[in-house]
Amino acid sequence: MSIKAQKGTKDILPEEITNWQNIEKIAYDVFSKANFKEIRTPIFEDTALFERGVGDTTDIVNKEMYTFTRSDRSITLRPENTAGVVRAYLEHSFYRESPPIKFWYKGPMFRYERPQAGRQRQFHQIGVEMFGVEDASADVECIVLATEFLKGLGLNDLVVEINSLGCSVCRKEYKEQLKKAIAPFLSGLCEDCRNRYEKNPLRILDCKNETCNKLFEENHLKESVSGIKLCNDCATHYEKLKSYLNALNIKYVENTFLVRGLDYYTRTVFEIKSNNLGSQNAVCGGGRYDGLVETLGGPHTPAVGWAMGVERLNALIPKLEAPKIDYFVVSDNQVETIKLVDKLRKNGFSAEFDYTSRKFAKQLEKAAKIANYAIILGEDEIKNNYLTIKNLSDSTQKKQTFDELIIKN
RNA sequence: GCGGGCAUCGCCAAGCGGUUAAGGCCUCGGAUUGUGGUUCCGAUAUACGUGGGUUCGAAUCCCACUGUCCGCCCCA
């Protein structure tokens with residue numbers, strides 16, 4: 001074997017597929033109840049979609065995209081799916097329909113990064129996007145969807161963190177105040193933070209550098225930042241969000257340091273974290289992006305959404321056993337065997353047999369591993385037209401005709 | 001882009017300069033010629049990541065490369 005899976009990519013093998021199917025089924029169930037519809041968009045898009053949509057100051061666009069050229073077109077493997085869903089929303093004129101428009105999606109995403117725990121170059125996300133609702137009830141709907149989904153997966157002890165970044169109107173103000181608050185000790189911050197100071201000061205709040213964090217604490221940055229005022233509309237929106245969350249008994253932590261890395265977020269941002277994932281601990285990230293639809297050429301349309309990393313979710317979920325098949329036919333008569341297996345399958349059962357007619361002991365051994373019942377079809381059974389059904393978990397046996405078998409089950 | 005760990009059969013894994021390179025699991029066969037999950041035998045004729053170097057001799061030491069894992073960064 002000389003050709004191997006590419007760095008940062010993984011085969012999802014049959015032994016682990018049960019977990020994936022389970023996650024996808026629960027997603028479908030939870031999202032359907034809230035009337036979210038699944039949408040599937042292409043895996044590659046015009047590079048410009050991500051440059052304009054995700055933002056050309058982001059790391060994702062600057063250094064992590066798989067971009068190539070075909071027939072003079074610059075194509076990029078999607079690094080996330082919000083931009084693609086917005087593109088589809090516009091392309092199919094969903095803005096002409098009565099809001100809200102609610103989508104969910106699942107699928108692979110691609111980012112050129114150094115792989116490590118919880119980070120691959122091809123990874124999978126499940127996400128939701130909701131268009132057309134300005135009220136914080138939409139934000140809460142999305143957050144509830146996330147917590148319900150996680151609950152469905154048996155994950156109850158995750159922490160929801162929220163923050164508001166303000167709208168485009170008050171964001172400038174916010175940035176200026178933030179810069180003022182940071183200015184006195186700017187020289188003590190790390191190189192990245194000093195670069196961010198002009199380009200994107202919001203991200204300084206998100207810095208994980210120890211010395212930076214110490215400086216933040218010593219200078220009480222957290223207090224001074226949380227004192228920065230959002231404009232009236234944004235403040236009201238944020239208060240509403242919190243009151244809705246309280247009304248639904250959703251526990252959350254306000255984190256004024258929470259800033260998402262993508263440029264399109266406005267007002268609400270949130271993250272759901274786990275303590276059991278190493279350093280890539282965010283399981284879910286999302287927020288409101290009221291300006292994105294317009295940025296991509298559509299009418300002003302408020303929107304909210306989030307995405308979860310399926311591999312990260314899966315790392316928190318115990319491994320599920322693949323379900324066993326119903327019947328394994330044990331016989332030394334291949335013609336009768338394939339006829340019986342065919343009949344079983346046509347009646348809705350899963351059935352398998354031994355393709356080599358080995359001795360019964362070996363066939364049974366195989367049967368016990370993969371099936372709930374063995375059907376023994378030997379000379380006597382064939383001559384007298386009955387089947388011996390063996391329950392492989394308790395070793396009980398009984399004789400039945402085929403008709404009795406399919407009726408009883 | 002920057003750091004650190006690790007690379008022995010399909011999987012796990014001993015070995016630490018001289019071995020026919022242990023063992024376990026899985027798979028296959030037999031004990032048990034129509035009955036498994038326990039036990040006991042046996043088999044599996046291309047395993048020391050790749051390329052250099054040191055040495056009489058290297059899976060074992062050195063260098064480079066590649067891969068992988070972990071951390072920084074970023075993000076889901």
# chains A, B, ... in the order shown; residues from 1 in each chain; ligands from 1
$ closest_atom_pairs --of "chain A" --to "chain B" --cutoff "9 Å" --atoms "only C-alpha atoms (C1' of nucleotides)" --output "tab-separated table"
residue	atom	partner	partner_atom	distance
A:Lys7	CA	B:G67	C1'	8.6
A:Asp59	CA	B:C74	C1'	6.6
A:Ile60	CA	B:C74	C1'	7.8
A:Glu113	CA	B:C74	C1'	8.7
A:Gln116	CA	B:C70	C1'	6.7
A:Ala117	CA	B:C70	C1'	7.2
A:Gly118	CA	B:A76	C1'	8.7
A:Arg119	CA	B:C75	C1'	8.5
A:Phe123	CA	B:A76	C1'	8.5
A:His124	CA	B:A76	C1'	8.2
A:Gln125	CA	B:A76	C1'	6.6
A:Ile126	CA	B:A76	C1'	8.9
A:Arg260	CA	B:C75	C1'	8.9
A:Gly261	CA	B:C75	C1'	7.4
A:Ser279	CA	B:G71	C1'	8.4
A:Gln280	CA	B:C75	C1'	8.0
A:Ala282	CA	B:A76	C1'	6.6
A:Val283	CA	B:A76	C1'	5.9
A:Cys284	CA	B:A76	C1'	6.0
A:Gly285	CA	B:A76	C1'	6.7
A:Ala307	CA	B:A76	C1'	6.4
A:Met308	CA	B:A76	C1'	4.9
A:Gly309	CA	B:A76	C1'	3.9
A:Val310	CA	B:A76	C1'	7.6
A:Glu311	CA	B:A76	C1'	8.6
A:Arg312	CA	B:A76	C1'	7.5
A:Ser331	CA	B:G34	C1'	8.7
A:Lys359	CA	B:G34	C1'	8.4
A:Phe360	CA	B:G34	C1'	6.3
A:Ala361	CA	B:U35	C1'	5.9
A:Lys362	CA	B:G36	C1'	7.5
A:Gln363	CA	B:G36	C1'	8.0
A:Leu364	CA	B:G36	C1'	4.8
A:Glu365	CA	B:G36	C1'	4.1
A:Lys366	CA	B:G36	C1'	7.6
A:Ala367	CA	B:G36	C1'	7.5
A:Ala368	CA	B:G36	C1'	6.0
A:Lys369	CA	B:G37	C1'	8.2
A:Ile376	CA	B:U35	C1'	8.6
A:Gly378	CA	B:G34	C1'	6.9
A:Glu379	CA	B:G34	C1'	8.7
A:Leu392	CA	B:G36	C1'	8.1
A:Ser393	CA	B:G37	C1'	8.8
$ write_last_selection --atoms "N, CA and C atoms" --output "short mmCIF file (atom, residue, chain, number, x, y, z; two decimals), in the first residue's frame"
data_model
loop_
_atom_site.label_atom_id
_atom_site.label_comp_id
_atom_site.auth_asym_id
_atom_site.auth_seq_id
_atom_site.Cartn_x
_atom_site.Cartn_y
_atom_site.Cartn_z
N LYS A 7 -2.94 13.81 4.20
CA LYS A 7 -2.73 14.37 5.53
C LYS A 7 -3.96 15.14 5.98
N ASP A 59 -8.11 34.44 9.01
CA ASP A 59 -7.11 33.42 8.75
C ASP A 59 -7.64 32.39 7.77
N ILE A 60 -8.91 32.07 7.91
CA ILE A 60 -9.51 31.05 7.05
C ILE A 60 -9.32 31.42 5.59
N GLU A 113 -4.75 23.30 7.32
CA GLU A 113 -4.15 23.61 8.61
C GLU A 113 -3.31 22.44 9.05
N GLN A 116 -4.26 18.32 14.23
CA GLN A 116 -3.99 17.97 15.63
C GLN A 116 -5.30 17.48 16.24
N ALA A 117 -5.30 17.27 17.55
CA ALA A 117 -6.51 16.76 18.18
C ALA A 117 -7.69 17.67 17.85
N GLY A 118 -8.76 17.08 17.28
CA GLY A 118 -9.95 17.86 17.00
C GLY A 118 -9.81 18.79 15.81
N ARG A 119 -8.78 18.60 15.01
CA ARG A 119 -8.62 19.46 13.85
C ARG A 119 -8.10 18.67 12.66
N PHE A 123 -13.02 18.04 7.45
CA PHE A 123 -13.78 17.72 8.65
C PHE A 123 -15.24 17.95 8.33
N HIS A 124 -16.11 17.61 9.26
CA HIS A 124 -17.54 17.70 8.96
C HIS A 124 -18.26 18.62 9.92
N GLN A 125 -19.17 19.36 9.36
CA GLN A 125 -19.98 20.24 10.20
C GLN A 125 -21.45 19.95 10.00
N ILE A 126 -22.19 20.15 11.08
CA ILE A 126 -23.64 20.20 11.00
C ILE A 126 -23.99 21.61 11.46
N ARG A 260 -15.89 35.92 17.71
CA ARG A 260 -15.74 34.87 16.70
C ARG A 260 -14.72 35.33 15.65
N GLY A 261 -14.05 34.36 15.04
CA GLY A 261 -12.98 34.70 14.12
C GLY A 261 -13.43 35.13 12.74
N SER A 279 -7.25 21.10 23.46
CA SER A 279 -7.25 22.54 23.23
C SER A 279 -8.27 22.99 22.19
N GLN A 280 -8.72 22.08 21.33
CA GLN A 280 -9.77 22.46 20.38
C GLN A 280 -11.11 22.18 21.05
N ALA A 282 -14.04 24.00 21.36
CA ALA A 282 -15.33 24.52 20.94
C ALA A 282 -16.06 23.48 20.09
N VAL A 283 -17.24 23.11 20.56
CA VAL A 283 -18.03 22.11 19.86
C VAL A 283 -18.99 22.81 18.91
N CYS A 284 -19.41 24.00 19.29
CA CYS A 284 -20.38 24.74 18.50
C CYS A 284 -20.02 26.22 18.53
N GLY A 285 -20.11 26.86 17.38
CA GLY A 285 -19.86 28.29 17.33
C GLY A 285 -20.84 28.94 16.38
N ALA A 307 -22.58 26.44 13.67
CA ALA A 307 -22.06 25.19 13.11
C ALA A 307 -21.41 24.39 14.22
N MET A 308 -21.51 23.09 14.10
CA MET A 308 -20.84 22.20 15.05
C MET A 308 -19.87 21.31 14.29
N GLY A 309 -18.78 20.93 14.94
CA GLY A 309 -17.83 20.01 14.34
C GLY A 309 -18.21 18.59 14.69
N VAL A 310 -18.53 17.81 13.67
CA VAL A 310 -19.04 16.46 13.94
C VAL A 310 -17.96 15.58 14.59
N GLU A 311 -16.72 15.69 14.12
CA GLU A 311 -15.64 14.90 14.72
C GLU A 311 -15.49 15.24 16.21
N ARG A 312 -15.64 16.50 16.53
CA ARG A 312 -15.51 16.89 17.93
C ARG A 312 -16.68 16.38 18.76
N SER A 331 -25.95 -23.73 6.54
CA SER A 331 -26.38 -24.85 5.70
C SER A 331 -25.21 -25.37 4.88
N LYS A 359 -17.89 -26.21 7.63
CA LYS A 359 -18.59 -27.03 8.61
C LYS A 359 -19.48 -26.14 9.48
N PHE A 360 -20.56 -26.76 9.99
CA PHE A 360 -21.56 -25.99 10.73
C PHE A 360 -20.98 -25.21 11.91
N ALA A 361 -20.03 -25.81 12.59
CA ALA A 361 -19.46 -25.14 13.76
C ALA A 361 -18.87 -23.79 13.36
N LYS A 362 -18.18 -23.77 12.24
CA LYS A 362 -17.57 -22.51 11.79
C LYS A 362 -18.62 -21.51 11.33
N GLN A 363 -19.63 -22.03 10.66
CA GLN A 363 -20.69 -21.13 10.20
C GLN A 363 -21.41 -20.50 11.38
N LEU A 364 -21.63 -21.32 12.40
CA LEU A 364 -22.33 -20.83 13.59
C LEU A 364 -21.49 -19.79 14.34
N GLU A 365 -20.22 -20.03 14.32
CA GLU A 365 -19.31 -19.11 14.99
C GLU A 365 -19.42 -17.72 14.34
N LYS A 366 -19.41 -17.75 13.04
CA LYS A 366 -19.56 -16.50 12.29
C LYS A 366 -20.93 -15.89 12.57
N ALA A 367 -21.96 -16.75 12.56
CA ALA A 367 -23.33 -16.27 12.78
C ALA A 367 -23.44 -15.55 14.12
N ALA A 368 -22.84 -16.12 15.15
CA ALA A 368 -22.95 -15.55 16.49
C ALA A 368 -22.35 -14.16 16.56
N LYS A 369 -21.38 -13.93 15.71
CA LYS A 369 -20.73 -12.62 15.73
C LYS A 369 -21.57 -11.53 15.08
N ILE A 376 -30.87 -22.83 10.85
CA ILE A 376 -30.18 -24.01 10.39
C ILE A 376 -31.02 -24.72 9.34
N GLY A 378 -30.53 -27.81 7.24
CA GLY A 378 -29.78 -29.02 6.91
C GLY A 378 -30.62 -29.98 6.09
N GLU A 379 -30.09 -31.18 5.94
CA GLU A 379 -30.80 -32.19 5.15
C GLU A 379 -32.21 -32.44 5.67
N LEU A 392 -29.29 -16.74 19.10
CA LEU A 392 -27.86 -16.78 19.39
C LEU A 392 -27.46 -16.10 20.69
N SER A 393 -28.41 -15.39 21.31
CA SER A 393 -28.03 -14.78 22.58
C SER A 393 -28.36 -15.69 23.75
#
$ residues_around --residues "C65 of chain B" --least-positions-apart "6" --cutoff "12 Å" --atoms "only C-alpha atoms (C1' of nucleotides)" --output "JSON, numbers by chain"
{"B": [49, 50, 51, 52]}
$ residues_around --residues "segment 322-326 of chain A" --least-positions-apart "5" --cutoff "8 Å" --atoms "only C-alpha atoms (C1' of nucleotides)" --output "PDB file with C-alpha atoms, in the first residue's frame"
ATOM      1  CA  GLU A  15     -17.198   0.199  12.633  1.00  0.00           C
ATOM      2  CA  THR A  18     -23.094   3.899  13.511  1.00  0.00           C
ATOM      3  CA  PHE A 349     -35.283  -9.011   7.077  1.00  0.00           C
ATOM      4  CA  SER A 350     -31.561  -8.653   6.891  1.00  0.00           C
ATOM      5  CA  ALA A 351     -29.936 -11.978   6.117  1.00  0.00           C
ATOM      6  CA  GLU A 352     -26.502 -13.362   5.441  1.00  0.00           C
ATOM      7  CA  ILE A 370     -22.934 -10.832  13.278  1.00  0.00           C
ATOM      8  CA  ALA A 371     -26.535 -12.028  13.664  1.00  0.00           C
ATOM      9  CA  ASN A 372     -29.292 -12.254  16.245  1.00  0.00           C
ATOM     10  CA  TYR A 373     -30.589 -15.600  14.975  1.00  0.00           C
TER      11      TYR A 373
END
$ select_by_dssp --residues "segment 87-283 of chain A" --states "strand (DSSP E)" --output "PyMOL selection string"
chain A and resi 101-110+122-131+159-164+253-254+266-273+282-283
$ write_last_selection --atoms "N, CA, C and O atoms" --output "compact mmCIF listing (two decimals), in the first residue's frame"
# COMPACT_ATOMS: atom_id res chain seq x y z
N ILE A 101 -36.93 31.91 6.96
CA ILE A 101 -36.45 30.82 6.13
C ILE A 101 -35.42 30.07 6.98
O ILE A 101 -34.47 30.68 7.48
N LYS A 102 -35.63 28.78 7.17
CA LYS A 102 -34.79 28.04 8.11
C LYS A 102 -34.16 26.81 7.45
O LYS A 102 -34.86 25.94 6.95
N PHE A 103 -32.84 26.78 7.45
CA PHE A 103 -32.11 25.67 6.83
C PHE A 103 -31.20 24.97 7.84
O PHE A 103 -30.73 25.59 8.78
N TRP A 104 -30.97 23.70 7.58
CA TRP A 104 -29.86 23.04 8.27
C TRP A 104 -29.08 22.26 7.24
O TRP A 104 -29.58 21.97 6.15
N TYR A 105 -27.84 21.96 7.55
CA TYR A 105 -26.99 21.25 6.61
C TYR A 105 -26.00 20.36 7.35
O TYR A 105 -25.78 20.51 8.55
N LYS A 106 -25.44 19.43 6.62
CA LYS A 106 -24.34 18.62 7.14
C LYS A 106 -23.41 18.33 5.97
O LYS A 106 -23.86 18.26 4.84
N GLY A 107 -22.13 18.18 6.27
CA GLY A 107 -21.23 17.85 5.18
C GLY A 107 -19.80 18.21 5.48
O GLY A 107 -19.48 18.81 6.50
N PRO A 108 -18.92 17.84 4.55
CA PRO A 108 -17.49 18.07 4.75
C PRO A 108 -17.08 19.51 4.45
O PRO A 108 -17.64 20.14 3.56
N MET A 109 -16.12 19.99 5.20
CA MET A 109 -15.52 21.31 4.99
C MET A 109 -14.01 21.11 4.87
O MET A 109 -13.49 20.10 5.35
N PHE A 110 -13.33 22.08 4.30
CA PHE A 110 -11.90 21.90 4.02
C PHE A 110 -11.09 23.12 4.45
O PHE A 110 -11.38 24.23 4.02
N GLN A 122 -9.91 17.87 6.18
CA GLN A 122 -11.31 17.65 5.81
C GLN A 122 -12.02 17.26 7.09
O GLN A 122 -11.64 16.28 7.74
N PHE A 123 -13.02 18.04 7.45
CA PHE A 123 -13.78 17.72 8.65
C PHE A 123 -15.24 17.95 8.33
O PHE A 123 -15.58 18.41 7.23
N HIS A 124 -16.11 17.61 9.26
CA HIS A 124 -17.54 17.70 8.96
C HIS A 124 -18.26 18.62 9.92
O HIS A 124 -17.96 18.63 11.11
N GLN A 125 -19.17 19.36 9.36
CA GLN A 125 -19.98 20.24 10.20
C GLN A 125 -21.45 19.95 10.00
O GLN A 125 -21.88 19.58 8.91
N ILE A 126 -22.19 20.15 11.08
CA ILE A 126 -23.64 20.20 11.00
C ILE A 126 -23.99 21.61 11.46
O ILE A 126 -23.44 22.09 12.45
N GLY A 127 -24.86 22.27 10.73
CA GLY A 127 -25.16 23.65 11.10
C GLY A 127 -26.58 24.05 10.76
O GLY A 127 -27.28 23.35 10.03
N VAL A 128 -26.99 25.18 11.29
CA VAL A 128 -28.30 25.74 10.96
C VAL A 128 -28.14 27.21 10.58
O VAL A 128 -27.21 27.87 11.05
N GLU A 129 -29.02 27.69 9.72
CA GLU A 129 -29.03 29.10 9.35
C GLU A 129 -30.49 29.53 9.31
O GLU A 129 -31.35 28.79 8.82
N MET A 130 -30.75 30.72 9.83
CA MET A 130 -32.13 31.20 9.90
C MET A 130 -32.18 32.64 9.40
O MET A 130 -31.48 33.50 9.92
N PHE A 131 -33.00 32.87 8.39
CA PHE A 131 -33.02 34.19 7.74
C PHE A 131 -34.32 34.94 7.98
O PHE A 131 -35.40 34.34 8.02
N VAL A 159 -21.03 24.03 28.27
CA VAL A 159 -21.26 25.41 28.69
C VAL A 159 -21.57 26.31 27.50
O VAL A 159 -20.82 26.34 26.52
N VAL A 160 -22.66 27.03 27.58
CA VAL A 160 -23.02 27.99 26.54
C VAL A 160 -22.47 29.36 26.93
O VAL A 160 -22.76 29.86 28.01
N GLU A 161 -21.66 29.93 26.07
CA GLU A 161 -21.16 31.28 26.32
C GLU A 161 -21.75 32.23 25.30
O GLU A 161 -21.87 31.89 24.12
N ILE A 162 -22.16 33.41 25.76
CA ILE A 162 -22.74 34.38 24.84
C ILE A 162 -22.05 35.74 24.98
O ILE A 162 -21.42 36.04 25.99
N ASN A 163 -22.23 36.54 23.95
CA ASN A 163 -21.72 37.91 23.97
C ASN A 163 -22.43 38.68 22.87
O ASN A 163 -23.07 38.08 22.00
N SER A 164 -22.35 39.99 22.92
CA SER A 164 -22.86 40.79 21.81
C SER A 164 -21.76 41.68 21.28
O SER A 164 -21.05 42.33 22.03
N VAL A 253 -23.26 31.57 30.14
CA VAL A 253 -22.27 32.42 30.78
C VAL A 253 -21.99 33.57 29.84
O VAL A 253 -21.77 33.36 28.64
N GLU A 254 -22.03 34.78 30.37
CA GLU A 254 -21.67 35.92 29.53
C GLU A 254 -20.16 36.03 29.48
O GLU A 254 -19.50 36.04 30.51
N THR A 266 -22.48 39.92 13.76
CA THR A 266 -22.97 41.16 14.35
C THR A 266 -23.82 40.78 15.56
O THR A 266 -24.37 39.69 15.61
N ARG A 267 -23.90 41.68 16.50
CA ARG A 267 -24.72 41.44 17.70
C ARG A 267 -24.36 40.10 18.37
O ARG A 267 -23.23 39.87 18.74
N THR A 268 -25.32 39.21 18.44
CA THR A 268 -25.12 37.97 19.20
C THR A 268 -24.02 37.06 18.65
O THR A 268 -24.00 36.77 17.45
N VAL A 269 -23.13 36.65 19.52
CA VAL A 269 -22.23 35.54 19.19
C VAL A 269 -22.29 34.55 20.35
O VAL A 269 -22.52 34.95 21.49
N PHE A 270 -22.09 33.28 20.05
CA PHE A 270 -22.10 32.30 21.13
C PHE A 270 -21.22 31.11 20.78
O PHE A 270 -20.90 30.86 19.61
N GLU A 271 -20.81 30.41 21.80
CA GLU A 271 -19.99 29.22 21.64
C GLU A 271 -20.44 28.21 22.66
O GLU A 271 -20.87 28.56 23.75
N ILE A 272 -20.30 26.94 22.33
CA ILE A 272 -20.56 25.89 23.30
C ILE A 272 -19.28 25.08 23.43
O ILE A 272 -18.73 24.63 22.43
N LYS A 273 -18.80 24.97 24.66
CA LYS A 273 -17.50 24.36 24.88
C LYS A 273 -17.58 23.12 25.75
O LYS A 273 -18.50 22.96 26.54
N ALA A 282 -14.04 24.00 21.36
CA ALA A 282 -15.33 24.52 20.94
C ALA A 282 -16.06 23.48 20.09
O ALA A 282 -15.56 23.02 19.08
N VAL A 283 -17.24 23.11 20.56
CA VAL A 283 -18.03 22.11 19.86
C VAL A 283 -18.99 22.81 18.91
O VAL A 283 -19.35 22.29 17.86
$ residues_around --residues "Gly291 of chain A" --least-positions-apart "4" --cutoff "12 Å" --atoms "only C-alpha atoms (C1' of nucleotides)" --output "list in words"
Arg52, Gly53, Val54, Gly55, Ala83, Val86, Phe131, Gly132, Glu134, Gly166, Cys167, Ser168, Val169, Asp263, Tyr264, Tyr265, Thr266, Arg267, Thr295, Leu296, Gly297, Gly298, Pro299, His300, Thr301, Pro302, Ala303 and Val304 of chain A
$ residues_around --residues "segment 2-16 of chain B" --least-positions-apart "3" --cutoff "7 Å" --atoms "only C-alpha atoms (C1' of nucleotides)" --output "list in words"
A22, A47, C48, G49, A59 and U60 of chain B
$ write_last_selection --atoms "all heavy atoms" --output "tab-separated table (two decimals), in the first residue's frame"
chain	number	residue	atom	x	y	z
B	22	A	P	10.77	-14.35	16.89
B	22	A	OP1	10.89	-15.76	17.33
B	22	A	OP2	10.10	-14.04	15.62
B	22	A	O5'	10.04	-13.51	18.01
B	22	A	C5'	8.87	-14.00	18.62
B	22	A	C4'	9.10	-14.16	20.09
B	22	A	O4'	9.61	-12.91	20.63
B	22	A	C3'	7.81	-14.42	20.86
B	22	A	O3'	7.49	-15.80	20.85
B	22	A	C2'	8.18	-13.89	22.24
B	22	A	O2'	9.02	-14.78	22.92
B	22	A	C1'	8.95	-12.63	21.85
B	22	A	N9	8.06	-11.49	21.63
B	22	A	C8	7.75	-10.88	20.44
B	22	A	N7	6.92	-9.87	20.56
B	22	A	C5	6.64	-9.82	21.91
B	22	A	C6	5.83	-8.98	22.68
B	22	A	N6	5.11	-7.98	22.16
B	22	A	N1	5.77	-9.20	24.00
B	22	A	C2	6.50	-10.20	24.52
B	22	A	N3	7.30	-11.06	23.90
B	22	A	C4	7.33	-10.80	22.58
B	47	A	P	7.42	-9.77	6.32
B	47	A	OP1	8.37	-10.75	6.80
B	47	A	OP2	5.97	-9.96	6.50
B	47	A	O5'	7.80	-8.33	6.92
B	47	A	C5'	7.03	-7.20	6.55
B	47	A	C4'	6.98	-6.25	7.71
B	47	A	O4'	6.33	-6.89	8.82
B	47	A	C3'	8.36	-5.86	8.24
B	47	A	O3'	8.87	-4.75	7.53
B	47	A	C2'	8.06	-5.52	9.69
B	47	A	O2'	7.55	-4.23	9.81
B	47	A	C1'	6.98	-6.55	10.03
B	47	A	N9	7.52	-7.77	10.61
B	47	A	C8	8.22	-8.76	9.98
B	47	A	N7	8.57	-9.75	10.77
B	47	A	C5	8.07	-9.38	12.00
B	47	A	C6	8.11	-9.99	13.25
B	47	A	N6	8.70	-11.16	13.48
B	47	A	N1	7.53	-9.35	14.28
B	47	A	C2	6.93	-8.18	14.06
B	47	A	N3	6.82	-7.50	12.91
B	47	A	C4	7.42	-8.16	11.92
B	48	C	P	10.39	-4.81	7.10
B	48	C	OP1	10.54	-3.76	6.08
B	48	C	OP2	10.75	-6.20	6.80
B	48	C	O5'	11.14	-4.41	8.44
B	48	C	C5'	11.43	-3.05	8.67
B	48	C	C4'	10.80	-2.67	9.99
B	48	C	O4'	10.95	-3.77	10.92
B	48	C	C3'	11.47	-1.47	10.63
B	48	C	O3'	10.47	-0.62	11.17
B	48	C	C2'	12.39	-2.06	11.69
B	48	C	O2'	12.39	-1.27	12.84
B	48	C	C1'	11.69	-3.38	12.05
B	48	C	N1	12.58	-4.48	12.43
B	48	C	C2	12.66	-4.84	13.78
B	48	C	O2	12.04	-4.17	14.60
B	48	C	N3	13.41	-5.90	14.14
B	48	C	C4	14.08	-6.60	13.22
B	48	C	N4	14.79	-7.65	13.62
B	48	C	C5	14.03	-6.25	11.83
B	48	C	C6	13.28	-5.19	11.49
B	49	G	P	10.72	0.98	11.17
B	49	G	OP1	12.15	1.22	10.96
B	49	G	OP2	10.05	1.41	12.42
B	49	G	O5'	9.94	1.66	9.97
B	49	G	C5'	8.93	0.95	9.22
B	49	G	C4'	8.57	1.81	8.05
B	49	G	O4'	8.05	3.07	8.55
B	49	G	C3'	9.74	2.19	7.16
B	49	G	O3'	9.93	1.21	6.15
B	49	G	C2'	9.31	3.53	6.58
B	49	G	O2'	8.42	3.35	5.51
B	49	G	C1'	8.56	4.13	7.77
B	49	G	N9	9.41	4.96	8.62
B	49	G	C8	9.69	4.77	9.95
B	49	G	N7	10.47	5.69	10.45
B	49	G	C5	10.71	6.56	9.38
B	49	G	C6	11.48	7.75	9.32
B	49	G	O6	12.13	8.29	10.21
B	49	G	N1	11.45	8.31	8.04
B	49	G	C2	10.77	7.79	6.98
B	49	G	N2	10.85	8.47	5.83
B	49	G	N3	10.05	6.68	7.02
B	49	G	C4	10.06	6.12	8.25
B	59	A	P	19.11	-4.58	11.63
B	59	A	OP1	19.44	-5.74	12.50
B	59	A	OP2	18.73	-4.80	10.25
B	59	A	O5'	17.94	-3.79	12.39
B	59	A	C5'	16.95	-3.08	11.68
B	59	A	C4'	16.09	-2.29	12.65
B	59	A	O4'	15.26	-3.22	13.39
B	59	A	C3'	16.87	-1.52	13.69
B	59	A	O3'	17.20	-0.24	13.21
B	59	A	C2'	15.88	-1.44	14.84
B	59	A	O2'	14.92	-0.43	14.64
B	59	A	C1'	15.18	-2.81	14.74
B	59	A	N9	15.81	-3.83	15.57
B	59	A	C8	16.54	-4.91	15.17
B	59	A	N7	16.97	-5.65	16.16
B	59	A	C5	16.47	-5.02	17.28
B	59	A	C6	16.57	-5.32	18.64
B	59	A	N6	17.23	-6.37	19.12
B	59	A	N1	15.96	-4.50	19.52
B	59	A	C2	15.30	-3.44	19.03
B	59	A	N3	15.13	-3.05	17.77
B	59	A	C4	15.74	-3.90	16.93
B	60	U	P	18.21	0.68	13.95
B	60	U	OP1	18.33	1.92	13.18
B	60	U	OP2	19.45	-0.09	14.30
B	60	U	O5'	17.46	1.02	15.30
B	60	U	C5'	18.10	1.75	16.34
B	60	U	C4'	18.03	0.97	17.63
B	60	U	O4'	17.99	-0.43	17.35
B	60	U	C3'	19.21	1.21	18.57
B	60	U	O3'	18.77	1.97	19.69
B	60	U	C2'	19.69	-0.17	18.99
B	60	U	O2'	19.71	-0.29	20.39
B	60	U	C1'	18.62	-1.11	18.41
B	60	U	N1	19.13	-2.38	17.92
B	60	U	C2	19.38	-3.37	18.86
B	60	U	O2	19.24	-3.19	20.06
B	60	U	N3	19.81	-4.56	18.34
B	60	U	C4	20.00	-4.87	17.02
B	60	U	O4	20.37	-5.99	16.71
B	60	U	C5	19.73	-3.79	16.11
B	60	U	C6	19.31	-2.61	16.58
$ atom_distance --atom1 "atom CA of Phe44 of chain A" --atom2 "atom CA of Leu90 of chain A"
17.0 Å
$ select_by_dssp --residues "segment 196-259 of chain A" --states "alpha helix (DSSP H)" --output "PyMOL selection string"
chain A and resi 196-199+210-218+221-226+232-247
$ residues_around --residues "segment 43-46 of chain B" --least-positions-apart "2" --cutoff "12 Å" --atoms "only C-alpha atoms (C1' of nucleotides)" --output "PyMOL selection string"
chain B and resi 9-10+26-30+41
